[in-house]
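Chemist: Here it is, the structure, as structure tokens.
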Protein chains: 4
Amino acid sequence: VAGRSGSSAATTAIADATRTIGLFQALLSERAEVSGKRLAIEALATYSRLHGEALERFLDLLVERFAPDTERIDRAIDAYRAQPGNGTLTELQLAVESPREELFRRLNVAPLATGALIDLRRKVRETMKEHPDRAGIDRDLAHLFRSWFNRGFLVLQQIDWHSSAVVLEKLIAYEAVHQIRDWHDLRRRLQDDRRCYAFFHPALPDEPLIFVEVALTRGMSGRVQPLLDADAPVADVRRANSAIFYSITNCQAGLQGISFGNSLLKQVVEDLGRDLPGIRIFASLSPMPGFSRWLRTESTLVNLSLELRQYLQTMDAPDSAAAPAPAALKPEILRLGARYLLFAKDQRRPVDSVARFHLANGARAERLNWMADASDQGLRQSLGLMVNYRYIVADLERNHEAFIRDGRIAASRQLQMIAGTAQRRPNDPRQP
Amino acid sequence: VAGRSGSSAATTAIADATRTIGLFQALLSERAEVSGKRLAIEALATYSRLHGEALERFLDLLVERFAPDTERIDRAIDAYRAQPGNGTLTELQLAVESPREELFRRLNVAPLATGALIDLRRKVRETMKEHPDRAGIDRDLAHLFRSWFNRGFLVLQQIDWHSSAVVLEKLIAYEAVHQIRDWHDLRRRLQDDRRCYAFFHPALPDEPLIFVEVALTRGMSGRVQPLLDADAPVADVRRANSAIFYSITNCQAGLQGISFGNSLLKQVVEDLGRDLPGIRIFASLSPMPGFSRWLRTESTLVNLSLELRQYLQTMDAPDSAAAPAPAALKPEILRLGARYLLFAKDQRRPVDSVARFHLANGARAERLNWMADASDQGLRQSLGLMVNYRYIVADLERNHEAFIRDGRIAASRQLQMIAGTAQRRPNDPRQP
Amino acid sequence: VAGRSGSSAATTAIADATRTIGLFQALLSERAEVSGKRLAIEALATYSRLHGEALERFLDLLVERFAPDTERIDRAIDAYRAQPGNGTLTELQLAVESPREELFRRLNVAPLATGALIDLRRKVRETMKEHPDRAGIDRDLAHLFRSWFNRGFLVLQQIDWHSSAVVLEKLIAYEAVHQIRDWHDLRRRLQDDRRCYAFFHPALPDEPLIFVEVALTRGMSGRVQPLLDADAPVADVRRANSAIFYSITNCQAGLQGISFGNSLLKQVVEDLGRDLPGIRIFASLSPMPGFSRWLRTESTLVNLSLELRQYLQTMDAPDSAAAPAPAALKPEILRLGARYLLFAKDQRRPVDSVARFHLANGARAERLNWMADASDQGLRQSLGLMVNYRYIVADLERNHEAFIRDGRIAASRQLQMIAGTAQRRPNDPRQP
Amino acid sequence: VAGRSGSSAATTAIADATRTIGLFQALLSERAEVSGKRLAIEALATYSRLHGEALERFLDLLVERFAPDTERIDRAIDAYRAQPGNGTLTELQLAVESPREELFRRLNVAPLATGALIDLRRKVRETMKEHPDRAGIDRDLAHLFRSWFNRGFLVLQQIDWHSSAVVLEKLIAYEAVHQIRDWHDLRRRLQDDRRCYAFFHPALPDEPLIFVEVALTRGMSGRVQPLLDADAPVADVRRANSAIFYSITNCQAGLQGISFGNSLLKQVVEDLGRDLPGIRIFASLSPMPGFSRWLRTESTLVNLSLELRQYLQTMDAPDSAAAPAPAALKPEILRLGARYLLFAKDQRRPVDSVARFHLANGARAERLNWMADASDQGLRQSLGLMVNYRYIVADLERNHEAFIRDGRIAASRQLQMIAGTAQRRPNDPRQP
């Protein structure tokens, strides 16, 4: 009986998936020109009811049914080869374009469709390992999103306690770096000595695409726990000289690869610099997510002191809470941290993903901070170290080019010295 | 000397064009990832200063320099032919995509760029007859615009006397069907018994893309001059039962082919029907721009009465004002008008462009109106005739499909009778 | 030493109070015409730093220093008595007007002053018992507020989850009837089957003056706990036929006596009736705050059954949790509740304050609900009973007049029967 | 017959007026507490249909029927005299307060009532000469308006070409100093080198209460025609160092005596100074409306040169166009202009109304400008002279106090010299 019921469920799933695909196909028909909106609404509603097996089946059909017409491609190639030129190239472009792109454009006419398509791409990407043939859907959506979510259409908004609860609860839900525990915690992050900025798209007015949390501090902040303390007193902004980006969150998994982070930070640096002329230092306070793992790699491990190796082992013990490293290890850990930042590479690019992001933006690795993140995760990931990447407007472009072209990493003299690549200069005022 | 100065001007033009193209190329380089906005602003500013010869030269370079890489296309074709599949198809898609699309996407980061790109397409299209190779630019922009100006991103706004003067003066500038003479005239068109709706794109908040002017009347209006009278008394809307679309204007020549008209009318029918439940008739009051010309075609001319031929001749006399046709000609002209609407075709489609638009929307040719447009232009174009195309929501889809598939024209029984294709039924209440 | 320090603190307090009063006086001088804003800002800032003793002293000075000029009053009375007429009356009006009103008008020029003045009145009222001479300040502010907070200037706003957190947290803080426990609770009260409306004043955009919470239900709701359940499923609004006002909160103690409640409910009835035509019953679900107390009054107590008296006694036992009354007592308690509502009066007006509010609004006592509020407070206050006061638009005016003029209480036939004042009619469909 | 019809018209007028007054009285009854809004709407609608005779009759009744109760006043006076104190004073305040104030407060509940009440005061003031007993209405409304239109409730808005046409057409209608001829003229006054600011009240969102037009110029502008030229090229704001207030218009005759001008100018100086740090000179360019008249006063006339007297005579000739004065008269006219500004007084106050306004604001008479207003009106009113009154923030308060207290007029050294009251200092750089 279970078998029958299972097979009947499968039948239903196939029917649901097939019906949805039928509506999608109708959207591409001539009829859609005049009834497009109604059809799009119906297609979207039907699609949004698909789950589990039916959804899987639907995605398979979405791969099969909307591929470009191979015969048309062949004819177009022949024509182009026979006489390369404007006309034959155009036909080749048209022939290879995936009909899915037009399909998605037409679906987008329905209210809320843009968000649903972002979500569709998320689902596709989550299953792409097992279904590599779905890469085409992913690519078509990404291609469309690159046009739709063009930086020119995004709107930078400051989010504060005057913002709508609909938006604010999204911050709580999305924050990926330093979890927002509750509304009390959120409120503290939006008070006078904090800032929060996000990019929005006009079609998704309640959905931040990416947001950054900023602390306005006196001196470049080197410890994250004070910034996250929901009960910390609010500082006087007029005395602040630094804007510390302590959390950057990409909200939409379905927009992966459509990068906003660089634009967001540059815009925030620009806006803050104009609104608060007292702010002269713009820097992140960033984790080093790969440091601990790197220390344990064979090639590194051999060079560690016995004490450090013992410390790493205690952390690996089951059920043990992470404890701060002994102070005696500080010089060694800092030196290793600096070497990790400056030399740990994978095919010419830093192994650290956060470093890759900021360095590609043109920022400079400025300072390593001891016991900067004393949380359990901070200790395990990076022995408590964090980095300030500094954004100096005049240097961003040059740093970026050197990084992209030659893999050269911009770093403060102090960091270089710690890493052992620069000599201490007499009377260098920036030294500790 | 003039020659020298001319040649020096040409040199300058070439230099300006070349410099602009250089900036455009920089936008496509790696550097642009971090300095994209600054580069886009500079490129756009430089471009916007090009005129005359320099602009022409620039357009030529825009054709030459940003074509797809033919060697890459060749390699991609070879690979695809060798092993057709997902991967090789993707590479082929990438290879044939015009680099200009990415260029335009990057330009769009600059403020006001969207409008500038629409304007660029207008310029390209104006010169495409003499420069057929510019069709590629046109096509690339159109392809992009189809994504950017997706109906799902457009916002319907009612325009009234509370709207911004920036928008209102655009109505005066753009209105193409029945010229708005001045602010006094405009004001009348926005009073209580009139409506005006437009589509806007969020990136162009002050630029209507298309707008429709509506008169709310008691009875389906059959004469346009009373609707255009700036001093006509304002009618009581609560007594109105008809919404008459008396003017529809596409504002942006650079968006030609990205059609909004059908969506706009359907949305307005929906919104008005909800807000004003007393309105039960939705219809246009439309010109017949090709009627007069068609009457003069050889094949038609022979069948005209002597009186009608004489009337047409008087209108051709130089410097003569157009005079209304004698009343005695009314039956003949109406019959010819009906036949023009229903039978005058060019490759299965109506020769009348306005008829093509409304019929493709699914509307029905409802009523021919005698002396409906008594202006000089109205008399010359169509002997004063105008048509009501009626939008009956329940029929739109069926009419549209029949029109597209079979070229079948939906028409009221009355119109068919006048054209001689239907028998007068006894007691038909809709007859005159 | 303590004495010295105490006396020095007193000296400081006096100095601070005196300085503030000095700035207030300057505001009334000629100089203020051109420097009014600066002076008002300074005066307000100085005032807002006063606390404890200094504030008390300040309030005393505010009584003393800004009284009308008695000599001028005397002269004005003499003149008016000598020759009663327009001119002498005007002078008398001017002479008796409190200079404080002009003072407060001038203070109001400073940003945030309106809120500060509301708060000042709250402070004055809190101390008026001990300082009856402060009644003049209270009266002057009330007189001004009646002009400033004129209903014509108030803006009705629907508050929902799209509202600003600044406003939403005020709801949590102010809700006085059924406490909002946290953001989760608040969110439920703003979902699709709930509504919340508030009056705002344009000068206080983030401050609700009064708000009402409404539940949209199928059938007139008779139990409050289901309405307050933060985890209750959201009902389908299209099936609702009743709007239940289950909580009304005056937010500003400083606006006491400037009544908004009646206007708010009438406006909400009007707006909801228009937006949701399916809603045909508008009613409160109200506590009976004085019922339990009244039952214990001598005159009532003698008439209670032994069982009911015992039940009341058990509730009085120290530390006992309130328990629902035995079901056997239901008829007696309902009858007493009905008699309380209809007959318990104090100088012709109902002793129950909530009854006074709704009946003066023109609502009708519609239904008594058994175990309607099973909370500890509900059981203690009213043995769990609650009342629906029903708002029938067509009857409001007549009910109001009969209530105000003759003290007549509008009540449903059912309630009258329970109270023993109406005979049960055969086949009355409204009976239980 | 005419008599009968006249008398019947009079009867109707009386009936209409009486009915309106009846509704006004109902608004003050108890009933109004619950039906206030409905009654207010009806009363206002009835009132707004009154014209001519009916309106006159209504105003008479408004005087008669809503006067304070003289018997209550008498009793209150007796009680106050018997025992002066808080309680008796309060009752006296209540007794003398005009019931009309409460009436107007209740009327204000109706939509659009605020504007209607402003208009009522305008009508009252226009007829007060013939009906001095209406002064009470005027006074009651003014008293109310002083509370309602408190500066703290007004909103400063910049008006530009993005503003609503509803507001913009009001500028054209209201501009009283330099007429705005049409929309083309208006547009020029809102371009980049011009500013326009207005005060609005939240209850009248489309009605400017007062507005000022500002020109941003390089150098303190001394001629008005270039500023008014609708076809003048738009100047580069970045080069401007002066903000010239060339026109200030009070829009609402019904708000006379509720002064906004001083607040508006101070606020504009503050805002412009912050937004455009390059602007360092704030000054009016003002007419001298009484100069020509003053020259013709007996006392002045005898001291004029023969040539000047002849010039004045030619201007008096019927139908003659005003011609500029001969250049030879320039020194004499400037000297007389300076003496007019500094010495022509009426009871210690300048006879020139514009001078009174700016000097009371604390501005300084800075410069007399020859042929500054070459229009016919400018020549006739002031022989073409105009004045710059300069607003120097640091001096405003001192100047204001000296002017109010001692009648002292702040003037530049240059002006004083021209008037003959100051010695020319060697090397004074400010001299012509």
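Just so we're on the same page: first chain in the structure tokens is A, next is B, and so on; residues restart at 1 for each chain, and ligands are numbered from 1 in the order they show up.
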Counting only C-alpha atoms, collect the residues of chain B whose closest atom lies at most 7 Å from chain D, and write them out as a list in words.
Modeler: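 Residues passing the distance filter: Trp161, His162, Ser163, Ser164, Ala165 and Val166 of chain B.
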Chemist: At a cut-off of 10 Å, using only C-alpha atoms, what residues contact stretch 194-197 of chain B? Leave out same-chain residues fewer than 3 positions from it and give the result as a PyMOL selection string.
Modeler: chain B and resi 156-160+171+187-191+200+208+210-217+227+234-235+237+243-245+247-248+264-265+267-268+272
Chemist: Export N, CA and C atoms of the chosen residues as a compact mmCIF listing (two decimals), in the first residue's frame?
Modeler:
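This went into result.txt:
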# COMPACT_ATOMS: atom_id res chain seq x y z
N LEU B 156 3.11 52.52 -12.49
CA LEU B 156 2.03 53.33 -13.05
C LEU B 156 1.74 54.49 -12.10
N GLN B 157 1.74 55.69 -12.63
CA GLN B 157 1.42 56.85 -11.80
C GLN B 157 0.32 57.67 -12.43
N GLN B 158 -0.61 58.09 -11.61
CA GLN B 158 -1.58 59.05 -12.12
C GLN B 158 -0.94 60.42 -12.08
N ILE B 159 -1.07 61.14 -13.15
CA ILE B 159 -0.53 62.50 -13.21
C ILE B 159 -1.69 63.47 -13.09
N ASP B 160 -1.59 64.38 -12.16
CA ASP B 160 -2.63 65.40 -12.07
C ASP B 160 -1.99 66.73 -11.71
N LEU B 171 4.76 66.47 -20.38
CA LEU B 171 3.52 66.16 -21.10
C LEU B 171 3.33 67.15 -22.25
N ARG B 187 -3.83 72.16 -17.79
CA ARG B 187 -4.60 72.16 -16.56
C ARG B 187 -6.00 71.57 -16.79
N ARG B 188 -6.61 71.94 -17.91
CA ARG B 188 -7.94 71.43 -18.20
C ARG B 188 -7.91 69.91 -18.37
N ARG B 189 -6.82 69.41 -18.96
CA ARG B 189 -6.74 67.98 -19.22
C ARG B 189 -6.48 67.17 -17.94
N LEU B 190 -6.26 67.87 -16.84
CA LEU B 190 -5.98 67.16 -15.59
C LEU B 190 -7.07 67.43 -14.56
N GLN B 191 -8.19 67.98 -15.00
CA GLN B 191 -9.23 68.28 -14.02
C GLN B 191 -10.09 67.06 -13.72
N PHE B 200 6.39 54.98 -15.36
CA PHE B 200 7.71 55.53 -15.04
C PHE B 200 8.64 54.38 -14.68
N PRO B 208 8.21 60.45 -17.95
CA PRO B 208 7.20 59.48 -18.36
C PRO B 208 7.69 58.70 -19.57
N ILE B 210 5.49 56.51 -21.27
CA ILE B 210 4.31 56.52 -22.13
C ILE B 210 3.19 57.08 -21.28
N PHE B 211 2.28 57.83 -21.88
CA PHE B 211 1.13 58.27 -21.08
C PHE B 211 -0.14 58.25 -21.92
N VAL B 212 -1.24 58.10 -21.21
CA VAL B 212 -2.54 58.09 -21.87
C VAL B 212 -3.41 59.16 -21.21
N GLU B 213 -4.16 59.88 -22.02
CA GLU B 213 -5.11 60.86 -21.51
C GLU B 213 -6.51 60.29 -21.65
N VAL B 214 -7.29 60.42 -20.59
CA VAL B 214 -8.60 59.80 -20.53
C VAL B 214 -9.64 60.86 -20.22
N ALA B 215 -10.77 60.81 -20.92
CA ALA B 215 -11.90 61.67 -20.58
C ALA B 215 -13.00 60.78 -19.99
N LEU B 216 -13.57 61.23 -18.88
CA LEU B 216 -14.68 60.50 -18.27
C LEU B 216 -15.97 61.18 -18.73
N THR B 217 -16.77 60.47 -19.49
CA THR B 217 -17.92 61.10 -20.12
C THR B 217 -19.20 60.30 -19.88
N LEU B 227 -13.63 67.40 -26.21
CA LEU B 227 -12.72 66.89 -25.18
C LEU B 227 -11.47 67.74 -25.05
N VAL B 234 -16.32 71.60 -16.38
CA VAL B 234 -15.92 70.31 -15.83
C VAL B 234 -17.17 69.50 -15.49
N ALA B 235 -17.23 68.29 -16.00
CA ALA B 235 -18.43 67.47 -15.80
C ALA B 235 -18.39 66.78 -14.45
N VAL B 237 -18.21 63.80 -12.35
CA VAL B 237 -17.67 62.46 -12.60
C VAL B 237 -18.65 61.38 -12.16
N ALA B 243 -15.01 55.74 -20.08
CA ALA B 243 -13.64 56.26 -20.02
C ALA B 243 -13.10 56.22 -21.44
N ILE B 244 -12.81 57.40 -21.97
CA ILE B 244 -12.39 57.52 -23.37
C ILE B 244 -10.90 57.83 -23.44
N PHE B 245 -10.13 56.92 -23.99
CA PHE B 245 -8.70 57.15 -24.21
C PHE B 245 -8.56 57.99 -25.47
N SER B 247 -5.90 60.04 -26.21
CA SER B 247 -4.54 60.33 -26.66
C SER B 247 -3.56 59.40 -25.96
N ILE B 248 -2.72 58.75 -26.71
CA ILE B 248 -1.70 57.85 -26.16
C ILE B 248 -0.37 58.24 -26.78
N LEU B 264 -0.14 49.44 -20.45
CA LEU B 264 -0.68 50.66 -19.85
C LEU B 264 -2.20 50.68 -19.91
N LEU B 265 -2.75 50.41 -21.10
CA LEU B 265 -4.20 50.47 -21.24
C LEU B 265 -4.88 49.42 -20.37
N GLN B 267 -3.82 48.15 -17.62
CA GLN B 267 -3.73 48.55 -16.22
C GLN B 267 -4.70 49.67 -15.89
N VAL B 268 -4.83 50.61 -16.81
CA VAL B 268 -5.72 51.75 -16.58
C VAL B 268 -7.17 51.26 -16.56
N LEU B 272 -9.19 52.00 -13.19
CA LEU B 272 -10.38 52.85 -13.27
C LEU B 272 -11.63 52.05 -12.93
Chemist: Which polymer residues have any atom within 9 Å of an atom of stretch 93-101 of chain C, counting only C-alpha atoms, with same-chain residues fewer than 2 positions away left out, as an MDAnalysis selection string?
Modeler: (chainID C and resid 28 62 66:70 72:76 88:91 103:106 136:137 140:141 143:144) or (chainID D and resid 89:90 92:93 96:98)
Chemist: Using Å and a single decimal, report how far atom CA of D:Gln252 sits from atom CA of D:Ser221.
Modeler: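 Distance reported for this atom pair: 28.7 Å.
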Chemist: Which residues, written as a ChimeraX atom specification, have at least one atom at most 10 Å from C:Arg280, with only C-alpha atoms counted and residues fewer than 4 positions away on the same chain left out?
Modeler: /C:219,240-243,269,272-273,276,392
Chemist: Output N, CA, C and O atoms of each residue in that selection to a file, as a short mmCIF file (atom, residue, chain, number, x, y, z; two decimals), in the first residue's frame.
Modeler:
data_model
loop_
_atom_site.label_atom_id
_atom_site.label_comp_id
_atom_site.auth_asym_id
_atom_site.auth_seq_id
_atom_site.Cartn_x
_atom_site.Cartn_y
_atom_site.Cartn_z
N GLY C 219 -18.00 36.72 13.80
CA GLY C 219 -18.82 36.77 15.00
C GLY C 219 -18.23 37.75 16.00
O GLY C 219 -17.01 37.95 16.05
N ALA C 240 -14.17 37.69 7.85
CA ALA C 240 -14.52 38.42 9.06
C ALA C 240 -15.75 39.29 8.84
O ALA C 240 -15.96 39.84 7.75
N ASN C 241 -16.60 39.40 9.86
CA ASN C 241 -17.74 40.30 9.79
C ASN C 241 -17.79 41.27 10.96
O ASN C 241 -18.70 42.09 11.05
N SER C 242 -16.81 41.17 11.86
CA SER C 242 -16.84 42.01 13.05
C SER C 242 -15.47 42.67 13.27
O SER C 242 -14.45 42.05 13.04
N ALA C 243 -15.53 43.92 13.70
CA ALA C 243 -14.31 44.62 14.11
C ALA C 243 -14.43 44.86 15.60
O ALA C 243 -15.33 45.57 16.05
N VAL C 269 -14.36 53.37 12.58
CA VAL C 269 -15.57 52.72 12.10
C VAL C 269 -15.83 53.12 10.65
O VAL C 269 -16.10 52.28 9.78
N LEU C 272 -12.87 51.60 8.30
CA LEU C 272 -12.96 50.15 8.16
C LEU C 272 -14.21 49.78 7.36
O LEU C 272 -14.17 48.88 6.52
N GLY C 273 -15.32 50.47 7.64
CA GLY C 273 -16.57 50.17 6.94
C GLY C 273 -16.42 50.39 5.44
O GLY C 273 -17.02 49.68 4.62
N LEU C 276 -13.44 47.61 4.18
CA LEU C 276 -13.81 46.20 4.30
C LEU C 276 -15.33 46.11 4.40
O LEU C 276 -15.89 46.04 5.51
N ILE C 392 -23.30 51.34 16.47
CA ILE C 392 -24.18 51.31 15.31
C ILE C 392 -24.31 52.75 14.82
O ILE C 392 -24.89 53.61 15.50
#
Chemist: Step one, run DSSP on the backbone; step two, keep only residues of stretch 25-93 of chain D assigned to helix (DSSP H, G or I); then write them as number ranges by chain.
Modeler: D: 25-27, 32-48, 52-65, 70-82, 86-93
Chemist: Quick one: everything within 12 Å of A:Leu334, counting only C-alpha atoms, minus sequence neighbours fewer than 3 positions away in the same chain. Send it as a PyMOL selection string.
Modeler: chain A and resi 291+308+325+327-331+337-341+367-372+382-387+414-420
Chemist: Just the selected residues (N, CA and C atoms), exported as an mmCIF file, in the first residue's frame, please.
Modeler:
data_model
loop_
_atom_site.group_PDB
_atom_site.id
_atom_site.type_symbol
_atom_site.label_atom_id
_atom_site.label_comp_id
_atom_site.auth_asym_id
_atom_site.auth_seq_id
_atom_site.Cartn_x
_atom_site.Cartn_y
_atom_site.Cartn_z
ATOM 1 N N PHE A 291 42.656 31.219 9.339
ATOM 2 C CA PHE A 291 43.961 31.240 10.005
ATOM 3 C C PHE A 291 44.238 29.936 10.765
ATOM 4 N N LEU A 308 52.819 26.402 21.157
ATOM 5 C CA LEU A 308 51.679 26.720 20.296
ATOM 6 C C LEU A 308 51.001 25.451 19.837
ATOM 7 N N ALA A 325 44.796 32.055 24.143
ATOM 8 C CA ALA A 325 46.172 31.571 24.134
ATOM 9 C C ALA A 325 46.970 32.260 25.237
ATOM 10 N N ALA A 327 49.652 34.459 27.074
ATOM 11 C CA ALA A 327 50.233 35.725 26.616
ATOM 12 C C ALA A 327 51.614 35.514 26.007
ATOM 13 N N ALA A 328 52.320 34.505 26.506
ATOM 14 C CA ALA A 328 53.684 34.273 26.017
ATOM 15 C C ALA A 328 53.686 33.953 24.525
ATOM 16 N N LEU A 329 52.545 33.455 24.022
ATOM 17 C CA LEU A 329 52.496 33.083 22.602
ATOM 18 C C LEU A 329 52.189 34.265 21.692
ATOM 19 N N LYS A 330 51.855 35.392 22.273
ATOM 20 C CA LYS A 330 51.407 36.525 21.472
ATOM 21 C C LYS A 330 52.364 36.869 20.324
ATOM 22 N N PRO A 331 53.684 37.050 20.605
ATOM 23 C CA PRO A 331 54.561 37.438 19.488
ATOM 24 C C PRO A 331 54.547 36.401 18.367
ATOM 25 N N GLY A 337 50.243 35.270 12.126
ATOM 26 C CA GLY A 337 49.070 35.926 11.532
ATOM 27 C C GLY A 337 49.478 36.831 10.385
ATOM 28 N N ALA A 338 50.530 37.596 10.605
ATOM 29 C CA ALA A 338 50.985 38.507 9.556
ATOM 30 C C ALA A 338 51.465 37.722 8.337
ATOM 31 N N ARG A 339 52.174 36.615 8.609
ATOM 32 C CA ARG A 339 52.665 35.813 7.482
ATOM 33 C C ARG A 339 51.493 35.174 6.739
ATOM 34 N N TYR A 340 50.487 34.745 7.499
ATOM 35 C CA TYR A 340 49.286 34.176 6.876
ATOM 36 C C TYR A 340 48.641 35.196 5.926
ATOM 37 N N LEU A 341 48.502 36.414 6.409
ATOM 38 C CA LEU A 341 47.861 37.437 5.583
ATOM 39 C C LEU A 341 48.657 37.754 4.337
ATOM 40 N N ARG A 367 46.363 46.481 10.330
ATOM 41 C CA ARG A 367 46.780 46.164 11.690
ATOM 42 C C ARG A 367 46.204 44.831 12.119
ATOM 43 N N LEU A 368 47.019 44.044 12.793
ATOM 44 C CA LEU A 368 46.560 42.803 13.402
ATOM 45 C C LEU A 368 46.230 43.093 14.855
ATOM 46 N N ASN A 369 45.120 42.560 15.338
ATOM 47 C CA ASN A 369 44.690 42.878 16.694
ATOM 48 C C ASN A 369 44.627 41.613 17.553
ATOM 49 N N TRP A 370 45.351 41.632 18.619
ATOM 50 C CA TRP A 370 45.431 40.516 19.572
ATOM 51 C C TRP A 370 44.182 40.483 20.447
ATOM 52 N N MET A 371 43.630 39.287 20.633
ATOM 53 C CA MET A 371 42.418 39.098 21.432
ATOM 54 C C MET A 371 41.298 40.052 20.958
ATOM 55 N N ALA A 372 41.202 40.175 19.669
ATOM 56 C CA ALA A 372 40.203 41.089 19.098
ATOM 57 C C ALA A 372 38.829 40.454 19.086
ATOM 58 N N SER A 382 40.617 31.826 14.602
ATOM 59 C CA SER A 382 41.807 32.653 14.354
ATOM 60 C C SER A 382 42.544 32.978 15.648
ATOM 61 N N LEU A 383 42.390 32.138 16.676
ATOM 62 C CA LEU A 383 43.093 32.353 17.940
ATOM 63 C C LEU A 383 42.822 33.753 18.491
ATOM 64 N N GLY A 384 41.669 34.323 18.120
ATOM 65 C CA GLY A 384 41.280 35.621 18.639
ATOM 66 C C GLY A 384 41.753 36.804 17.815
ATOM 67 N N LEU A 385 42.551 36.550 16.781
ATOM 68 C CA LEU A 385 43.052 37.661 15.950
ATOM 69 C C LEU A 385 41.966 38.231 15.037
ATOM 70 N N MET A 386 42.030 39.533 14.790
ATOM 71 C CA MET A 386 41.239 40.166 13.734
ATOM 72 C C MET A 386 42.124 41.173 13.015
ATOM 73 N N VAL A 387 41.693 41.577 11.824
ATOM 74 C CA VAL A 387 42.481 42.505 11.004
ATOM 75 C C VAL A 387 41.677 43.768 10.739
ATOM 76 N N GLN A 414 53.999 48.405 9.449
ATOM 77 C CA GLN A 414 53.997 47.675 10.718
ATOM 78 C C GLN A 414 53.721 46.186 10.494
ATOM 79 N N LEU A 415 52.735 45.890 9.679
ATOM 80 C CA LEU A 415 52.383 44.499 9.394
ATOM 81 C C LEU A 415 53.542 43.796 8.702
ATOM 82 N N GLN A 416 54.130 44.523 7.754
ATOM 83 C CA GLN A 416 55.261 43.922 7.036
ATOM 84 C C GLN A 416 56.397 43.596 7.988
ATOM 85 N N MET A 417 56.628 44.504 8.945
ATOM 86 C CA MET A 417 57.692 44.258 9.901
ATOM 87 C C MET A 417 57.418 43.036 10.741
ATOM 88 N N ILE A 418 56.158 42.949 11.197
ATOM 89 C CA ILE A 418 55.807 41.798 12.028
ATOM 90 C C ILE A 418 56.012 40.508 11.241
ATOM 91 N N ALA A 419 55.659 40.580 9.981
ATOM 92 C CA ALA A 419 55.815 39.393 9.146
ATOM 93 C C ALA A 419 57.270 39.138 8.806
ATOM 94 N N GLY A 420 58.116 40.130 9.122
ATOM 95 C CA GLY A 420 59.534 39.943 8.900
ATOM 96 C C GLY A 420 60.001 40.360 7.529
#
Chemist: When you draw a straight line from atom CA of B:Arg121 to atom CA of B:Arg139, how long is it in Å?
Modeler: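 Atom CA of B:Arg139 lies 9.1 Å from atom CA of B:Arg121.
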Chemist: Could you check how far atom CA of A:Phe403 sits from atom CA of A:Arg335, in Å to one decimal?
Modeler: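 If I compute the distance from atom CA of A:Phe403 to atom CA of A:Arg335, I get 22.2 Å.
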Chemist: So which one's closest to C:Thr249, C:Ser292, C:Ser375, C:Ser299, C:Gln179? Using only C-alpha atoms, please.
Modeler: C:Gln179
Chemist: So that I can check the surroundings of A:Ala410, please list as JSON, numbers by chain every protein, DNA and RNA residue that reaches within 9 Å of it, counting only C-alpha atoms and ignoring chain neighbours fewer than 2 positions away.
Modeler: {"A": [342, 359, 362, 363, 364, 365, 366, 399, 400, 402, 403, 408, 412]}
Chemist: Got a sec to tell me which of stretch 70-206 of chain C DSSP assigns to strand (DSSP E or B), as a ChimeraX atom specification?
Modeler: /C:155-158,164,194-200
Chemist: Applying 12 Å and only C-alpha atoms, which residues near C:Arg293 remain after dropping the ones on its own chain fewer than 2 positions away? List them as number ranges by chain.
Modeler: C: 288-291, 295-301, 312, 316, 337, 340, 344, 351-352, 379-383
